[in-house]
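Structure first, commentary second.
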Amino acid sequence: YDGSQMWLNYVRVDDDELREQYARRAGSVVVQNADANESYRHTPDLRMAPGSDERLATSTLGAARDELTRGLSGLLGEEVPARAVRGSQAPDGAVVVGTPESSEIVRAHAGDLSGLADDGYRIRTVRDGGTAFTVVAAKTDIGALYGSYALLRRMQTHESIAHLDADRSPKIDRRHLNYWETTRLYAGNDADGTGGLDGESGAIFNFDATGASADRNLPVVLDRYIVMARALASVGITGITINNVNAEAKYLTPEYVEQEAALADALRPYGIRLALSIRYDAPTDERFAPDTLTEDQLDPTGRPFRDWWNRHARRVQEAIPDLQGFTVKANSEGEPGPQDFGHDHGDGANGIAAALEPLGMTVDWRTFVYDPEVDDDRLKRAYLEFNPIDDEVQPDGTRGRFADNVFLQTKNGPLDFQAREPLNPMFGRMENTKQAMELQITQEYTGQSTMLDYLAPMWQEVLRTDTRATDVPPGERLAGDIVDGSAYGGRESAIVGVANLGNADNLTGHHFAQSNLFAFGRLAWDWEQDARDIAADWTRMTWSNDEHVVNTVVRMMMGSNEALVDYQTPLGVAHQFTADQHYDPNPSQFVQKDDWSPRYYNKADTAGLGYDRSPSGSDFTSQYFPALAQRYGTLESTPEELLMWFHHVPWDHAMDNGKPFWRELVHRYQRGVQYVTWMREAWAGLEPHLDARRFQEVSAKLAEHEADAANWRDTCVAYWQEFSDRPIPTDDGLTSASITVGGTTFDGFDLSQDSYRIPVAAGGS
Ligand code: BDP
């Protein structure tokens with residue numbers, strides 16, 4: 001098996017008793033009126049590429065029916081039929097899927113669905129006289145599809161389906177992906193230089209405008225689009241912005257829009273809506289001639305700008321009626337924006353929002369801005385620019401200038417997707433504006449497609465961070481409460497993941513990278529779910545239900561991010577990557593400008609290491625609510641994991657365990673590498689239980705991972721030692737692990753202590 005079905009690989013359940021139970025409750029599929037609703041396609045000649053294994057769904061209920069027959073046939077090891085049934089009587093042992101509108105059986109047997117969210121679902125075992133069957137019911141077709149996947153997941157993970165009664169609704173309304181297809185900047189790691197940002201082997205979508213217009217043979221739909229759509233729907237993803245935030249205007253041209261429309265048609269049955277990243281100054285692009293604006297017409301408060309965007313959004317909407325809207329990166333890393341024309345982000349976002357509002361579309365306006373020319377500390381800029389707009393009193397007395405169809409899209413941490421960051425202070429302190437949290441699924445800074453890093457524990461840590469908002473008791477406003485809108489009375493909410501899809505056979509490059517896409521969807525649906533449970537589900541669905549395999553793989557996954565933190569960014573020293581590549585360590589590097597340089601972040605000197613952001617330093621800490629500001633404000637009260645995010649730590653500073661900082665630091669590097677060694681060994685032991693191809697591919701990655709982790713340790717420790725001027729610590733008597741710095745090998749890590757062998761996070765939680 002090559003991983004190409006991701007976690008939707010339906011293998012026969014080997015436990016006879018369980019399989020028989022499944023056959024009794026899910027032995028046939030009934031989806032009434034599955035094809036009634038066929039307003040799905042706008043491209044008349046849409047078809048799959050020749051030789052495809054996948055097929056185009058005709059409707060959302062049709063997709064549910066097809067997935068269930070396919071999935072159940074695989075799980076039961078025999079053909080499970082879809083049956084046509086009229087009336088409200090379900091056949092014994094069937095799975096019945098639908099809404100009260102589409103299905104008489106659902107109407108008669110599913111009960112009152114009013115407590116469900118529009119895209120929530122109910123799964124229930126129904127007994128009716130002598131028959132028993134399983135109902136998957138929802139208010140909407142897409143809810144019914146989500147419920148179908150949830151039922152399949154239960155069986156893929158070998159749970160009982162004999163007595164089901166579950167209602168599920170998502171906590172976050174919009175669960176969106178951003179896809180960055182142009183990532184050549186990070187050349188170096190992968191053969192083709194995509195740096196793991198789009199999985200491996202290039203971009204997932206194959207837009208080719210020349211081909212399309214030349215012979216009209218395109219657009220065709222590729223198998224991997226459908227696998228992607230099925231996989232994303234199975235975890236409840238609602239949309240995808242298909243092009244990089246560093247946007248190219250070509251995505252708005254008719255040649256591209258024609259193909260985007262075909263893609264949208266193919267994904268629509270799965271509830272996945274497209275959105276586009278746009279360039280703020282696209283109106284001046286000559287591709288749109290003669291309908292172009294001049295520079296001085298880019299004033300976002302003016303008619304020409306707003307009308308232009310309205311016209312062009314309308315044109316795209318004609319081809320893609322359910323277009324979600326636009327994602328905008330403005331005045332960020334050299335992208336054009338309203339500030340180039342004397343306006344702020346509020347005016348800019350509102351200008352585009354006004355153009356989209358009549359079309360029912362939204363703007364996701366990113367807040368990833370920084371400018372070391374004006375700030376001593378790059379982290380401060382976003383809050384300084386966005387908070388006053390959020391706080392501004394409006395003519396009607398309310399606060400906040402951002403329009404209703406604007407979401408500010410803010411990265412989880414204040415820097416840039418490091419393996420560990422404190423929460424971005426924007427969460428909680430932007431009370432009058434809708435805010436989407438942006439997480440990076442693709443492993444740009446977390447080992448790209450070489451390192452095994454299960455990111456869900458980190459996301460969980462972020463979403464469960466207490467903002468310490470002043471108007472509620474501690475523990476009552478976690479970041480997740482803000483992201484899901486509940487902190488603000490159920491305000492419309494969104495979460496965004498930067499996707500890791502590519503055209504590798506398994507779509508993500510590293511087989512384990514699939515778990516991050518899976519976990520993002522699951523946490524986006526309900527951020528209170530546990531990262532460990534999600535890992536267990538994924539492992540069972542993807543690898544095996546063998547308990548030994550599940551335990552080992554889950555354990556590997558659960559400690560993997562902490563291990564990466566240990567050898568890359570221990571105790572809060574962030575961004576030590578070689579510039580423009582973001583994979584290898586380079587702590588001594590200075591490039592081009594301060595804040596692209598590792599040295600800007602580590603501030604290594606003979607006194608210590610780390611960035612002082614306390615009130616006596618850059619005072620970034622004061623952007624948090626007072627209780628958090630206080631906590632991060634002193635060396636003593638800052639959690640050790642974040643120490644160097646907020647302080648320049650003296651080499652001899654006493655850590656919680658009594659050791660001097662220097663010693664603890666080196667131990668962390670070593671611990672991280674040892675964890676990777678352990679993962680490689682643990683994986684090797686699973687060979688008899690796994691299919692050969694995937695086993696080999698992961699083994700090869702783990703070997704590289706181990707070498708690269710050791711390189712991180714050795715490079716960083718060697719550089720820090722130039723400043724600490726202290727020997728590499730050893731613990732007497734107990735050796736077997738060693739660390740090599742600058743060609744010299746040091747023995748002597750105390751391996752008798754579990755905490756050095758495997759990070760604490762790996763065992764219990
Ligand atoms: C950085 C990436 C860069 C992105 C930027 C962003 O290196 O390519 O464009 O984030 O989020 O991490 O805009």
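Naming scheme: A, B, ... for chains in displayed order of the structure tokens; residues 1 onward per chain; ligands 1 onward as shown.
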Fill in: Contacts of region 480-490 of chain A within 12 Å, only C-alpha atoms, excl. fewer than 3 positions in-chain, as a ChimeraX atom specification
/A:170-175,407-412,423,425-439,459-469,471-472,475-477,493-496,523-529
Contacts to ligand 1 at 9 Å cut-off (only C-alpha atoms and all ligand atoms) as a JSON list (two decimals) with N, CA and C atoms, in the first residue's frame:
```
[["chain", "number", "residue", "atom", "x", "y", "z"],
["A", 180, "TRP", "N", -0.24, 26.91, -0.08],
["A", 180, "TRP", "CA", 0.85, 27.73, -0.65],
["A", 180, "TRP", "C", 1.56, 26.92, -1.72],
["A", 182, "THR", "N", 3.48, 28.00, -4.33],
["A", 182, "THR", "CA", 4.78, 28.47, -4.83],
["A", 182, "THR", "C", 5.73, 28.63, -3.67],
["A", 183, "THR", "N", 6.54, 27.62, -3.49],
["A", 183, "THR", "CA", 7.35, 27.60, -2.29],
["A", 183, "THR", "C", 8.82, 27.38, -2.62],
["A", 185, "LEU", "N", 11.20, 29.08, -2.60],
["A", 185, "LEU", "CA", 12.12, 29.79, -1.71],
["A", 185, "LEU", "C", 12.90, 28.83, -0.83],
["A", 186, "TYR", "N", 12.25, 27.75, -0.46],
["A", 186, "TYR", "CA", 12.88, 26.85, 0.50],
["A", 186, "TYR", "C", 13.60, 25.71, -0.17],
["A", 244, "ASN", "N", -0.94, 30.66, -3.05],
["A", 244, "ASN", "CA", -0.10, 31.24, -2.01],
["A", 244, "ASN", "C", -0.54, 32.65, -1.61],
["A", 245, "VAL", "N", -0.36, 32.94, -0.34],
["A", 245, "VAL", "CA", -0.67, 34.28, 0.14],
["A", 245, "VAL", "C", 0.22, 35.35, -0.50],
["A", 246, "ASN", "N", 1.40, 34.94, -0.94],
["A", 246, "ASN", "CA", 2.20, 35.85, -1.78],
["A", 246, "ASN", "C", 1.63, 35.69, -3.18],
["A", 329, "LYS", "N", -2.76, 39.04, 1.95],
["A", 329, "LYS", "CA", -1.53, 39.36, 2.68],
["A", 329, "LYS", "C", -1.10, 40.73, 2.18],
["A", 332, "SER", "N", 3.04, 43.19, 4.06],
["A", 332, "SER", "CA", 3.69, 42.14, 4.83],
["A", 332, "SER", "C", 4.75, 41.53, 3.94],
["A", 333, "GLU", "N", 5.97, 41.55, 4.39],
["A", 333, "GLU", "CA", 7.08, 40.97, 3.63],
["A", 333, "GLU", "C", 7.10, 41.45, 2.19],
["A", 366, "ARG", "N", -4.80, 38.96, 6.56],
["A", 366, "ARG", "CA", -3.76, 38.44, 7.46],
["A", 366, "ARG", "C", -3.10, 39.54, 8.28],
["A", 368, "PHE", "N", 0.01, 39.16, 9.60],
["A", 368, "PHE", "CA", 1.43, 38.79, 9.70],
["A", 368, "PHE", "C", 2.30, 39.97, 9.23],
["A", 369, "VAL", "N", 2.42, 40.97, 10.07],
["A", 369, "VAL", "CA", 3.19, 42.16, 9.69],
["A", 369, "VAL", "C", 4.30, 42.39, 10.70],
["A", 411, "LYS", "N", -1.55, 34.26, 12.99],
["A", 411, "LYS", "CA", -0.82, 33.04, 13.33],
["A", 411, "LYS", "C", -0.90, 32.76, 14.82],
["A", 415, "LEU", "N", 5.53, 35.04, 16.36],
["A", 415, "LEU", "CA", 6.64, 35.10, 15.42],
["A", 415, "LEU", "C", 6.24, 34.42, 14.11],
["A", 416, "ASP", "N", 6.51, 33.17, 13.95],
["A", 416, "ASP", "CA", 6.27, 32.56, 12.65],
["A", 416, "ASP", "C", 6.37, 31.04, 12.73],
["A", 417, "PHE", "N", 5.34, 30.40, 13.27],
["A", 417, "PHE", "CA", 5.22, 28.95, 13.17],
["A", 417, "PHE", "C", 6.42, 28.16, 13.69],
["A", 418, "GLN", "N", 7.01, 28.63, 14.78],
["A", 418, "GLN", "CA", 8.08, 27.84, 15.39],
["A", 418, "GLN", "C", 7.45, 26.66, 16.13],
["A", 440, "GLN", "N", 0.11, 26.22, 11.09],
["A", 440, "GLN", "CA", 0.83, 25.69, 9.93],
["A", 440, "GLN", "C", 0.88, 24.17, 9.98],
["A", 444, "GLU", "N", 7.02, 23.65, 7.58],
["A", 444, "GLU", "CA", 8.07, 24.55, 7.11],
["A", 444, "GLU", "C", 9.20, 24.66, 8.13],
["A", 445, "TYR", "N", 8.83, 24.87, 9.38],
["A", 445, "TYR", "CA", 9.83, 25.05, 10.43],
["A", 445, "TYR", "C", 9.93, 23.84, 11.35],
["A", 498, "VAL", "N", -2.41, 26.04, 7.18],
["A", 498, "VAL", "CA", -1.61, 26.10, 5.96],
["A", 498, "VAL", "C", -1.29, 24.66, 5.56],
["A", 580, "ASP", "N", 16.09, 31.44, 4.35],
["A", 580, "ASP", "CA", 15.60, 31.03, 3.03],
["A", 580, "ASP", "C", 15.49, 29.54, 2.86],
["A", 581, "GLN", "N", 15.62, 28.78, 3.93],
["A", 581, "GLN", "CA", 15.58, 27.34, 3.76],
["A", 581, "GLN", "C", 14.81, 26.70, 4.90],
["A", 582, "HIS", "N", 15.00, 27.20, 6.07],
["A", 582, "HIS", "CA", 14.15, 26.85, 7.22],
["A", 582, "HIS", "C", 14.19, 25.37, 7.59]]
```
Excluding Asn350 (chain A) and residues on its chain fewer than 4 positions from it, collect all residues at most 7 Å away from it, counting only C-alpha atoms, and give them as a PDB file with N, CA and C atoms, in the first residue's frame.
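See part33.pdb below for the written result:
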```pdb
ATOM      1  N   GLY A 346      -7.257  48.725   8.420  1.00  0.00           N
ATOM      2  CA  GLY A 346      -8.713  48.795   8.556  1.00  0.00           C
ATOM      3  C   GLY A 346      -9.349  49.274   7.257  1.00  0.00           C
ATOM      4  N   ALA A 354     -16.065  45.714   1.331  1.00  0.00           N
ATOM      5  CA  ALA A 354     -17.222  46.416   0.755  1.00  0.00           C
ATOM      6  C   ALA A 354     -17.505  45.894  -0.652  1.00  0.00           C
ATOM      7  N   PHE A 402     -13.343  47.262  11.797  1.00  0.00           N
ATOM      8  CA  PHE A 402     -13.356  46.227  10.750  1.00  0.00           C
ATOM      9  C   PHE A 402     -14.791  45.820  10.407  1.00  0.00           C
ATOM     10  N   ALA A 403     -15.037  45.672   9.108  1.00  0.00           N
ATOM     11  CA  ALA A 403     -16.380  45.322   8.630  1.00  0.00           C
ATOM     12  C   ALA A 403     -16.746  43.903   9.067  1.00  0.00           C
TER      13      ALA A 403
END
```
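We find CA of Asn516 (chain A) and CA of Glu640 (chain A) to be spaced 26.2 Å apart.
Here the question is which of A:Tyr10, A:Trp683, A:Tyr225, A:Phe341 gets nearest to Asp299 (chain A) using only C-alpha atoms, and that residue is A:Phe341.
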Worksheet item: Which residues come within 12 Å of region 100-117 of chain A, counting only C-alpha atoms, excluding same-chain residues fewer than 5 positions away, as a PyMOL selection string?
Response: chain A and resi 30-37+60-62+84-91+94-95+122-128+132-144+147+165-173+525
Using only C-alpha atoms, find each residue of region 647-705 of chain A with at least one atom at most 10 Å away from an atom of region 533-543 of chain A; report its shortest atom-to-atom pair and that distance in Å (one decimal), sort the rows by chain and rising residue number, and return the result as a tab-separated table.
```
residue	atom	partner	partner_atom	distance
A:His689	CA	A:Trp543	CA	9.0
A:Leu690	CA	A:Trp543	CA	7.1
A:Asp691	CA	A:Trp543	CA	8.6
A:Arg694	CA	A:Trp543	CA	9.3
A:Phe695	CA	A:Trp543	CA	9.8
```
Fill in: Distance query Asp376 (chain A) at most 10 Å, only C-alpha atoms, self and fewer than 2 positions along chain excluded, as a list in words
Asp371, Pro372, Glu373, Val374, Arg378, Leu379, Lys380, Arg381, Asp595, Gly617, Ser618, Asp619 and Phe620 of chain A
Worksheet entry | Close residues, Glu697 (chain A) itself excluded, 10 Å, only C-alpha atoms, min 3 positions apart in chain, as a ChimeraX atom specification | /A:2,509-511,692-694,700-702
Could the residues in this selection be written to a file with N, CA and C atoms, as a PDB file, in the first residue's frame?
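Below is the file that was written, part_18.pdb:
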```pdb
ATOM      1  N   ASP A   2       0.560   2.182  -0.837  1.00  0.00           N
ATOM      2  CA  ASP A   2       1.428   3.347  -0.993  1.00  0.00           C
ATOM      3  C   ASP A   2       0.932   4.576  -0.226  1.00  0.00           C
ATOM      4  N   GLY A 509       4.036  13.513   1.236  1.00  0.00           N
ATOM      5  CA  GLY A 509       5.476  13.258   1.350  1.00  0.00           C
ATOM      6  C   GLY A 509       5.763  12.262   2.460  1.00  0.00           C
ATOM      7  N   HIS A 510       5.977  12.744   3.642  1.00  0.00           N
ATOM      8  CA  HIS A 510       6.168  11.857   4.800  1.00  0.00           C
ATOM      9  C   HIS A 510       4.810  11.225   5.131  1.00  0.00           C
ATOM     10  N   HIS A 511       4.794   9.908   5.292  1.00  0.00           N
ATOM     11  CA  HIS A 511       3.498   9.276   5.615  1.00  0.00           C
ATOM     12  C   HIS A 511       2.902   9.858   6.894  1.00  0.00           C
ATOM     13  N   ALA A 692       5.252  -3.487   3.506  1.00  0.00           N
ATOM     14  CA  ALA A 692       6.674  -3.268   3.239  1.00  0.00           C
ATOM     15  C   ALA A 692       6.990  -1.867   2.722  1.00  0.00           C
ATOM     16  N   ARG A 693       6.224  -1.404   1.776  1.00  0.00           N
ATOM     17  CA  ARG A 693       6.594  -0.147   1.138  1.00  0.00           C
ATOM     18  C   ARG A 693       6.583   1.022   2.130  1.00  0.00           C
ATOM     19  N   ARG A 694       5.485   1.144   2.833  1.00  0.00           N
ATOM     20  CA  ARG A 694       5.404   2.282   3.755  1.00  0.00           C
ATOM     21  C   ARG A 694       6.385   2.116   4.910  1.00  0.00           C
ATOM     22  N   ALA A 700      13.435   5.024   6.166  1.00  0.00           N
ATOM     23  CA  ALA A 700      14.450   5.866   5.515  1.00  0.00           C
ATOM     24  C   ALA A 700      14.367   7.303   6.020  1.00  0.00           C
ATOM     25  N   LYS A 701      13.159   7.789   6.193  1.00  0.00           N
ATOM     26  CA  LYS A 701      13.000   9.163   6.691  1.00  0.00           C
ATOM     27  C   LYS A 701      13.531   9.268   8.115  1.00  0.00           C
ATOM     28  N   LEU A 702      13.261   8.262   8.935  1.00  0.00           N
ATOM     29  CA  LEU A 702      13.700   8.334  10.332  1.00  0.00           C
ATOM     30  C   LEU A 702      15.225   8.330  10.441  1.00  0.00           C
TER      31      LEU A 702
END
```
Worksheet item: Mind checking DSSP for region 250-316 of chain A and telling me the strand (DSSP E) residues as a PyMOL selection string?
Response: chain A and resi 273-278
Next, write the just-selected residues to a file, as a short mmCIF file (atom, residue, chain, number, x, y, z; two decimals), in the first residue's frame, keeping N, CA and C atoms as the atom set.
```cif
data_model
loop_
_atom_site.label_atom_id
_atom_site.label_comp_id
_atom_site.auth_asym_id
_atom_site.auth_seq_id
_atom_site.Cartn_x
_atom_site.Cartn_y
_atom_site.Cartn_z
N ARG A 273 -15.37 24.60 -0.31
CA ARG A 273 -15.51 25.82 -1.12
C ARG A 273 -14.14 26.41 -1.41
N LEU A 274 -13.97 26.94 -2.57
CA LEU A 274 -12.70 27.56 -2.92
C LEU A 274 -12.68 29.02 -2.48
N ALA A 275 -11.46 29.49 -2.24
CA ALA A 275 -11.21 30.91 -2.06
C ALA A 275 -9.90 31.21 -2.77
N LEU A 276 -9.64 32.47 -3.00
CA LEU A 276 -8.41 32.86 -3.70
C LEU A 276 -7.61 33.85 -2.87
N SER A 277 -6.29 33.72 -2.94
CA SER A 277 -5.43 34.78 -2.41
C SER A 277 -5.31 35.84 -3.49
N ILE A 278 -5.41 37.08 -3.08
CA ILE A 278 -5.29 38.16 -4.07
C ILE A 278 -4.17 39.13 -3.69
#
```
Discussion item. Please return, as an NGL selection string, all residues of region 189-352 of chain A that DSSP assigns to helix (DSSP H, G or I) on the basis of the backbone.
Written reply: :A and (209-215 or 223-234 or 249-252 or 254-270 or 282-284 or 286-288 or 295-297 or 303-319 or 338-341 or 345-352)
Dump as a PDB file, in the first residue's frame, selection limited to C-alpha atoms:
```pdb
ATOM      1  CA  ALA A 209      -3.691  27.990 -18.392  1.00  0.00           C
ATOM      2  CA  THR A 210      -2.026  27.581 -21.764  1.00  0.00           C
ATOM      3  CA  GLY A 211      -3.253  24.024 -22.155  1.00  0.00           C
ATOM      4  CA  ALA A 212      -6.740  24.985 -21.187  1.00  0.00           C
ATOM      5  CA  SER A 213      -7.253  27.734 -23.668  1.00  0.00           C
ATOM      6  CA  ALA A 214      -5.379  26.051 -26.498  1.00  0.00           C
ATOM      7  CA  ASP A 215      -7.396  22.892 -27.016  1.00  0.00           C
ATOM      8  CA  ASP A 223      -7.554  11.349  -8.866  1.00  0.00           C
ATOM      9  CA  ARG A 224      -5.666  13.104  -6.142  1.00  0.00           C
ATOM     10  CA  TYR A 225      -8.151  15.984  -6.097  1.00  0.00           C
ATOM     11  CA  ILE A 226     -10.911  13.558  -5.228  1.00  0.00           C
ATOM     12  CA  VAL A 227      -8.860  11.676  -2.666  1.00  0.00           C
ATOM     13  CA  MET A 228      -8.059  15.036  -1.117  1.00  0.00           C
ATOM     14  CA  ALA A 229     -11.691  16.081  -1.147  1.00  0.00           C
ATOM     15  CA  ARG A 230     -12.820  12.842   0.468  1.00  0.00           C
ATOM     16  CA  ALA A 231     -10.100  13.022   3.094  1.00  0.00           C
ATOM     17  CA  LEU A 232     -10.840  16.651   3.895  1.00  0.00           C
ATOM     18  CA  ALA A 233     -14.569  16.046   4.104  1.00  0.00           C
ATOM     19  CA  SER A 234     -13.949  13.108   6.413  1.00  0.00           C
ATOM     20  CA  ALA A 249      -2.698  37.904 -10.171  1.00  0.00           C
ATOM     21  CA  LYS A 250      -2.929  35.124 -12.755  1.00  0.00           C
ATOM     22  CA  TYR A 251      -5.342  33.261 -10.504  1.00  0.00           C
ATOM     23  CA  LEU A 252      -7.923  35.908 -11.313  1.00  0.00           C
ATOM     24  CA  PRO A 254     -10.283  33.954 -17.121  1.00  0.00           C
ATOM     25  CA  GLU A 255      -7.908  31.138 -18.176  1.00  0.00           C
ATOM     26  CA  TYR A 256      -7.257  30.221 -14.569  1.00  0.00           C
ATOM     27  CA  VAL A 257     -10.753  30.852 -13.329  1.00  0.00           C
ATOM     28  CA  GLU A 258     -12.078  28.362 -15.863  1.00  0.00           C
ATOM     29  CA  GLN A 259      -9.952  25.648 -14.313  1.00  0.00           C
ATOM     30  CA  GLU A 260     -10.592  26.764 -10.774  1.00  0.00           C
ATOM     31  CA  ALA A 261     -14.287  26.467 -11.557  1.00  0.00           C
ATOM     32  CA  ALA A 262     -13.755  22.877 -12.641  1.00  0.00           C
ATOM     33  CA  LEU A 263     -11.914  22.141  -9.445  1.00  0.00           C
ATOM     34  CA  ALA A 264     -14.675  23.800  -7.443  1.00  0.00           C
ATOM     35  CA  ASP A 265     -17.239  21.654  -9.263  1.00  0.00           C
ATOM     36  CA  ALA A 266     -15.349  18.500  -8.363  1.00  0.00           C
ATOM     37  CA  LEU A 267     -14.959  19.459  -4.709  1.00  0.00           C
ATOM     38  CA  ARG A 268     -18.448  20.895  -4.188  1.00  0.00           C
ATOM     39  CA  PRO A 269     -20.166  17.607  -3.326  1.00  0.00           C
ATOM     40  CA  TYR A 270     -17.693  17.292  -0.452  1.00  0.00           C
ATOM     41  CA  ALA A 282      -4.029  43.469  -8.880  1.00  0.00           C
ATOM     42  CA  PRO A 283      -6.189  46.261 -10.347  1.00  0.00           C
ATOM     43  CA  THR A 284      -3.044  47.738 -11.901  1.00  0.00           C
ATOM     44  CA  GLU A 286      -2.013  44.664 -17.267  1.00  0.00           C
ATOM     45  CA  ARG A 287      -3.430  41.165 -17.557  1.00  0.00           C
ATOM     46  CA  PHE A 288      -6.770  42.810 -16.861  1.00  0.00           C
ATOM     47  CA  GLU A 295      -1.636  53.557  -8.872  1.00  0.00           C
ATOM     48  CA  ASP A 296      -3.411  56.582  -7.476  1.00  0.00           C
ATOM     49  CA  GLN A 297      -6.734  54.762  -7.748  1.00  0.00           C
ATOM     50  CA  ARG A 303     -15.015  54.031  -5.607  1.00  0.00           C
ATOM     51  CA  PRO A 304     -12.613  52.976  -8.372  1.00  0.00           C
ATOM     52  CA  PHE A 305     -10.851  50.482  -6.107  1.00  0.00           C
ATOM     53  CA  ARG A 306     -14.007  49.043  -4.603  1.00  0.00           C
ATOM     54  CA  ASP A 307     -15.826  48.863  -7.927  1.00  0.00           C
ATOM     55  CA  TRP A 308     -12.907  47.128  -9.573  1.00  0.00           C
ATOM     56  CA  TRP A 309     -12.816  44.446  -6.927  1.00  0.00           C
ATOM     57  CA  ASN A 310     -16.561  44.062  -7.033  1.00  0.00           C
ATOM     58  CA  ARG A 311     -16.517  43.614 -10.811  1.00  0.00           C
ATOM     59  CA  HIS A 312     -13.773  41.049 -10.728  1.00  0.00           C
ATOM     60  CA  ALA A 313     -15.095  39.132  -7.742  1.00  0.00           C
ATOM     61  CA  ARG A 314     -18.449  39.011  -9.515  1.00  0.00           C
ATOM     62  CA  ARG A 315     -16.809  37.630 -12.620  1.00  0.00           C
ATOM     63  CA  VAL A 316     -15.166  34.846 -10.621  1.00  0.00           C
ATOM     64  CA  GLN A 317     -18.407  34.190  -8.782  1.00  0.00           C
ATOM     65  CA  GLU A 318     -20.191  33.616 -12.073  1.00  0.00           C
ATOM     66  CA  ALA A 319     -17.907  30.649 -12.614  1.00  0.00           C
ATOM     67  CA  PRO A 338      -3.133  50.057   1.765  1.00  0.00           C
ATOM     68  CA  GLN A 339      -0.218  51.606   3.623  1.00  0.00           C
ATOM     69  CA  ASP A 340       1.468  52.225   0.288  1.00  0.00           C
ATOM     70  CA  PHE A 341      -1.371  54.645  -0.358  1.00  0.00           C
ATOM     71  CA  HIS A 345      -5.199  47.878   7.460  1.00  0.00           C
ATOM     72  CA  GLY A 346      -8.713  48.795   8.556  1.00  0.00           C
ATOM     73  CA  ASP A 347      -9.336  50.839   5.431  1.00  0.00           C
ATOM     74  CA  GLY A 348      -7.681  48.229   3.261  1.00  0.00           C
ATOM     75  CA  ALA A 349      -9.657  45.291   4.602  1.00  0.00           C
ATOM     76  CA  ASN A 350     -12.879  47.272   4.565  1.00  0.00           C
ATOM     77  CA  GLY A 351     -12.304  48.382   0.983  1.00  0.00           C
ATOM     78  CA  ILE A 352     -12.163  44.813  -0.254  1.00  0.00           C
TER      79      ILE A 352
END
```
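Neighbours of Val220 (chain A) closer than or equal to 7 Å, with only C-alpha atoms counted and sequence neighbours fewer than 6 positions away skipped, come out as Leu46, Arg47, Met48 and Ala49 of chain A.
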Store the residues of this selection in a file with N, CA and C atoms, as a PDB file, in the first residue's frame.
```pdb
ATOM      1  N   LEU A  46     -17.112  18.480 -17.573  1.00  0.00           N
ATOM      2  CA  LEU A  46     -16.172  18.080 -16.525  1.00  0.00           C
ATOM      3  C   LEU A  46     -16.008  16.566 -16.508  1.00  0.00           C
ATOM      4  N   ARG A  47     -14.789  16.132 -16.445  1.00  0.00           N
ATOM      5  CA  ARG A  47     -14.572  14.681 -16.365  1.00  0.00           C
ATOM      6  C   ARG A  47     -13.254  14.375 -15.661  1.00  0.00           C
ATOM      7  N   MET A  48     -13.153  13.139 -15.235  1.00  0.00           N
ATOM      8  CA  MET A  48     -11.920  12.676 -14.623  1.00  0.00           C
ATOM      9  C   MET A  48     -10.870  12.486 -15.712  1.00  0.00           C
ATOM     10  N   ALA A  49      -9.615  12.598 -15.319  1.00  0.00           N
ATOM     11  CA  ALA A  49      -8.532  12.330 -16.255  1.00  0.00           C
ATOM     12  C   ALA A  49      -8.606  10.872 -16.703  1.00  0.00           C
TER      13      ALA A  49
END
```
Discussion item. Given only C-alpha atoms as the basis, pick out the residue of A:Met556, A:Thr398, A:Gln623, A:Thr715 nearest to Thr677 (chain A).
Written reply: A:Met556
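Our summary of the geometry notes that CA of Pro587 (chain A) is positioned 18.9 Å from CA of Pro727 (chain A).
Interatomic distance, CA of Pro729 (chain A) to CA of Pro639 (chain A): 23.1 Å.
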